[in-house]
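**Student:** Below is one structure. I have some questions about it.
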Amino acid sequence: MRTRIGFDGDSMTAYLSGEIDHHCAKNTRELIDSLIQQKKPKVLRLDFSGVGFMDSSGIGLIIGRYRMMMLYGGYVRVVNVPEGLEKLMLLSGLGALDILERHGEAIETTE
Amino acid sequence: MVKLLKPLNEMNLSFDSCSANEAFARSAVAAFVTQLDPTVAELNELRTAVSEAVTNCVVHAYRDTIGKIFINVKIFSDMQITVKIRDSGCGIADISKAMEPLYTTAPDEERAGLGFAVMQSFSDSVSVRSSVGKGTTVTLKKKLSRRVSNG
């Protein structure tokens, strides 16, 4: 997986792409965390548009960054979630955190 | 009770429990199953479930060591597939505890504790057999939809 980082004002966007699994999540998490500590953004956007596959390591990546941003008084938005990943995202309970977006619309949790 | 059906096709893999092989394992299983012409969603679910099971072997079964992971895939006549993921690692003392969502014994690895929940959600059945000090076998079963052939 590759990760590109962009900054816009006080928001930082991590463009994730490829496959997110346990093997590659570590490097991505270290890259994002070091930049959060350096730049202290208000908003961290995790852009999933380029992600073709993820397992629960992707959930760990989101929850870990969510906690870190809370610690710094900021928040996380998970954006451009491909349809194929929604089931996994909702299964994890992420829907309850109200941080998921798909093409600008919040993903509703359905029961 | 157990029907001993003969599989139509079968494959076996064994590989080292290094994390780089997580992608290899899920891709290899998906490549084998492709002959059944599964839907993209079915194949993705299978890849996800296999990835979780193999990651468990890497992270938990062989925590600070490298051991062997064995995968056996069987295809049966009714589009039923069985994937067994086996290790000879530390074993699981309390399987029902290990299968609880959000339970993890490796929080510093940032594991969400969702491995078994994802396997259960993305396959039709998951069974776990484990013996402490000897290893664990996870069996995933999934029935694929039969698609109408276009000729």
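Going through the structure tokens in order, the chains are called A, B, and so on, while each chain numbers its residues from 1 and the ligands are numbered from 1 in the order shown.
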Do you know which residues are at most 12 Å from region 25-29 of chain A counting only C-alpha atoms, after dropping those on the same chain fewer than 6 positions away, and could you put them as JSON, numbers by chain?

**Tutor:** {"A": [1, 2, 3, 4, 5, 14, 15, 16, 17, 18, 19, 35, 36, 46, 54, 55, 56, 57, 58, 59, 60, 61, 62, 63, 64, 65, 66, 68], "B": [19, 20, 108, 109, 110, 111]}

**Student:** For the residues in the current selection, export C-alpha atoms as a PDB file, in the first residue's frame.

**Tutor:**
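The resulting file, again.pdb, is reproduced below:
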ATOM      1  CA  MET A   1       0.000   0.000   0.000  1.00  0.00           C
ATOM      2  CA  ARG A   2       1.078   3.576  -0.630  1.00  0.00           C
ATOM      3  CA  THR A   3       0.173   6.635   1.413  1.00  0.00           C
ATOM      4  CA  ARG A   4       0.305  10.222   0.236  1.00  0.00           C
ATOM      5  CA  ILE A   5      -0.204  13.072   2.675  1.00  0.00           C
ATOM      6  CA  ALA A  14      -3.879  10.819   4.223  1.00  0.00           C
ATOM      7  CA  TYR A  15      -4.663   9.320   0.808  1.00  0.00           C
ATOM      8  CA  LEU A  16      -4.476   5.572   1.379  1.00  0.00           C
ATOM      9  CA  SER A  17      -4.207   3.213  -1.549  1.00  0.00           C
ATOM     10  CA  GLY A  18      -3.687  -0.446  -2.362  1.00  0.00           C
ATOM     11  CA  GLU A  19      -4.313  -3.144   0.232  1.00  0.00           C
ATOM     12  CA  LEU A  35       3.061  14.039  10.920  1.00  0.00           C
ATOM     13  CA  ILE A  36       0.184  14.504  13.397  1.00  0.00           C
ATOM     14  CA  LEU A  46      -8.411   9.399   5.946  1.00  0.00           C
ATOM     15  CA  MET A  54      -8.624  -4.112   3.719  1.00  0.00           C
ATOM     16  CA  ASP A  55      -9.091  -6.420   6.666  1.00  0.00           C
ATOM     17  CA  SER A  56      -9.588  -5.491  10.320  1.00  0.00           C
ATOM     18  CA  SER A  57      -6.096  -3.962  10.356  1.00  0.00           C
ATOM     19  CA  GLY A  58      -7.701  -1.022   8.550  1.00  0.00           C
ATOM     20  CA  ILE A  59     -10.191  -0.710  11.409  1.00  0.00           C
ATOM     21  CA  GLY A  60      -7.313  -0.710  13.903  1.00  0.00           C
ATOM     22  CA  LEU A  61      -5.656   2.011  11.839  1.00  0.00           C
ATOM     23  CA  ILE A  62      -8.788   4.194  11.943  1.00  0.00           C
ATOM     24  CA  ILE A  63      -9.530   3.675  15.638  1.00  0.00           C
ATOM     25  CA  GLY A  64      -5.914   4.312  16.616  1.00  0.00           C
ATOM     26  CA  ARG A  65      -5.828   7.616  14.689  1.00  0.00           C
ATOM     27  CA  TYR A  66      -9.262   8.536  16.096  1.00  0.00           C
ATOM     28  CA  MET A  68      -4.748  10.099  18.789  1.00  0.00           C
TER      29      MET A  68
ATOM     30  CA  SER B  19       3.665 -10.851   7.786  1.00  0.00           C
ATOM     31  CA  ALA B  20       4.624 -10.328   4.122  1.00  0.00           C
ATOM     32  CA  ASP B 108       0.192  -2.649  21.163  1.00  0.00           C
ATOM     33  CA  GLU B 109       0.041  -4.059  17.650  1.00  0.00           C
ATOM     34  CA  GLU B 110      -3.137  -1.988  17.304  1.00  0.00           C
ATOM     35  CA  ARG B 111      -5.272  -5.039  16.710  1.00  0.00           C
TER      36      ARG B 111
END

**Student:** Would you kindly return, as a list of chain:residue names, each protein, DNA or RNA residue with an atom no farther than 8 Å from any atom of Val78 (chain A), considering only C-alpha atoms and excluding same-chain residues fewer than 6 positions away?

**Tutor:** A:Arg45, A:Leu46, A:Asp47, A:Phe48, A:Ile62, A:Ile99, A:Leu100, A:Glu101

**Student:** Restricted to N, CA, C and O atoms, what would the selected residues look like written as an mmCIF file, in the first residue's frame?

**Tutor:**
data_model
loop_
_atom_site.group_PDB
_atom_site.id
_atom_site.type_symbol
_atom_site.label_atom_id
_atom_site.label_comp_id
_atom_site.auth_asym_id
_atom_site.auth_seq_id
_atom_site.Cartn_x
_atom_site.Cartn_y
_atom_site.Cartn_z
ATOM 1 N N ARG A 45 -8.186 13.717 7.739
ATOM 2 C CA ARG A 45 -9.066 13.018 6.800
ATOM 3 C C ARG A 45 -8.337 11.783 6.309
ATOM 4 O O ARG A 45 -7.208 11.874 5.834
ATOM 5 N N LEU A 46 -8.976 10.646 6.479
ATOM 6 C CA LEU A 46 -8.411 9.399 5.946
ATOM 7 C C LEU A 46 -9.199 9.092 4.678
ATOM 8 O O LEU A 46 -10.392 8.777 4.745
ATOM 9 N N ASP A 47 -8.541 9.231 3.537
ATOM 10 C CA ASP A 47 -9.217 9.072 2.249
ATOM 11 C C ASP A 47 -8.991 7.650 1.733
ATOM 12 O O ASP A 47 -7.874 7.256 1.422
ATOM 13 N N PHE A 48 -10.087 6.880 1.656
ATOM 14 C CA PHE A 48 -10.001 5.464 1.281
ATOM 15 C C PHE A 48 -10.285 5.226 -0.205
ATOM 16 O O PHE A 48 -10.429 4.077 -0.621
ATOM 17 N N ILE A 62 -7.844 3.077 11.761
ATOM 18 C CA ILE A 62 -8.788 4.194 11.943
ATOM 19 C C ILE A 62 -8.981 4.497 13.431
ATOM 20 O O ILE A 62 -8.876 5.646 13.865
ATOM 21 N N ILE A 99 -17.994 9.086 11.935
ATOM 22 C CA ILE A 99 -16.824 9.646 11.261
ATOM 23 C C ILE A 99 -16.738 9.192 9.801
ATOM 24 O O ILE A 99 -15.856 9.598 9.071
ATOM 25 N N LEU A 100 -17.695 8.340 9.388
ATOM 26 C CA LEU A 100 -17.628 7.780 8.030
ATOM 27 C C LEU A 100 -18.367 8.642 7.021
ATOM 28 O O LEU A 100 -19.478 9.079 7.272
ATOM 29 N N GLU A 101 -17.748 8.840 5.878
ATOM 30 C CA GLU A 101 -18.404 9.558 4.787
ATOM 31 C C GLU A 101 -18.159 8.814 3.495
ATOM 32 O O GLU A 101 -17.102 8.256 3.284
#

**Student:** One decimal, in Å: what's the spacing between CA of Leu90 (chain A) and CA of His22 (chain A)?

**Tutor:**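 These two atoms are separated by 19.3 Å.
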
**Student:** Quick one: DSSP strand (DSSP E) residues in chain A, as number ranges by chain?

**Tutor:** A: 2-8, 11-20, 43-54, 75-79, 101-102, 105-106

**Student:** When the cut-off is 8 Å and we count only C-alpha atoms, which residues of chain B are near chain A, given as a list in words?

**Tutor:**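 Every residue of chain B that passes the 8 Å test is in Ser19, Ala20, Glu22, Ala23, Ala41, Asn44, Thr48, Ala49, Ser51, Glu52, Thr55, Glu110, Arg111, Ala112, Leu114, Gly115 and Val118 of chain B.
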
**Student:** Would you work out the distance separating CA of Ser17 (chain B) from CA of Val59 (chain B), expressed in Å to one decimal?

**Tutor:**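 Separating CA of Ser17 (chain B) from CA of Val59 (chain B) is a distance of 8.8 Å.
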
**Student:** State, in Å with one decimal place, the distance from CA of Leu5 (chain B) to CA of Gln80 (chain B).

**Tutor:**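 Calculated distance between CA of Leu5 (chain B) and CA of Gln80 (chain B) is 10.9 Å.
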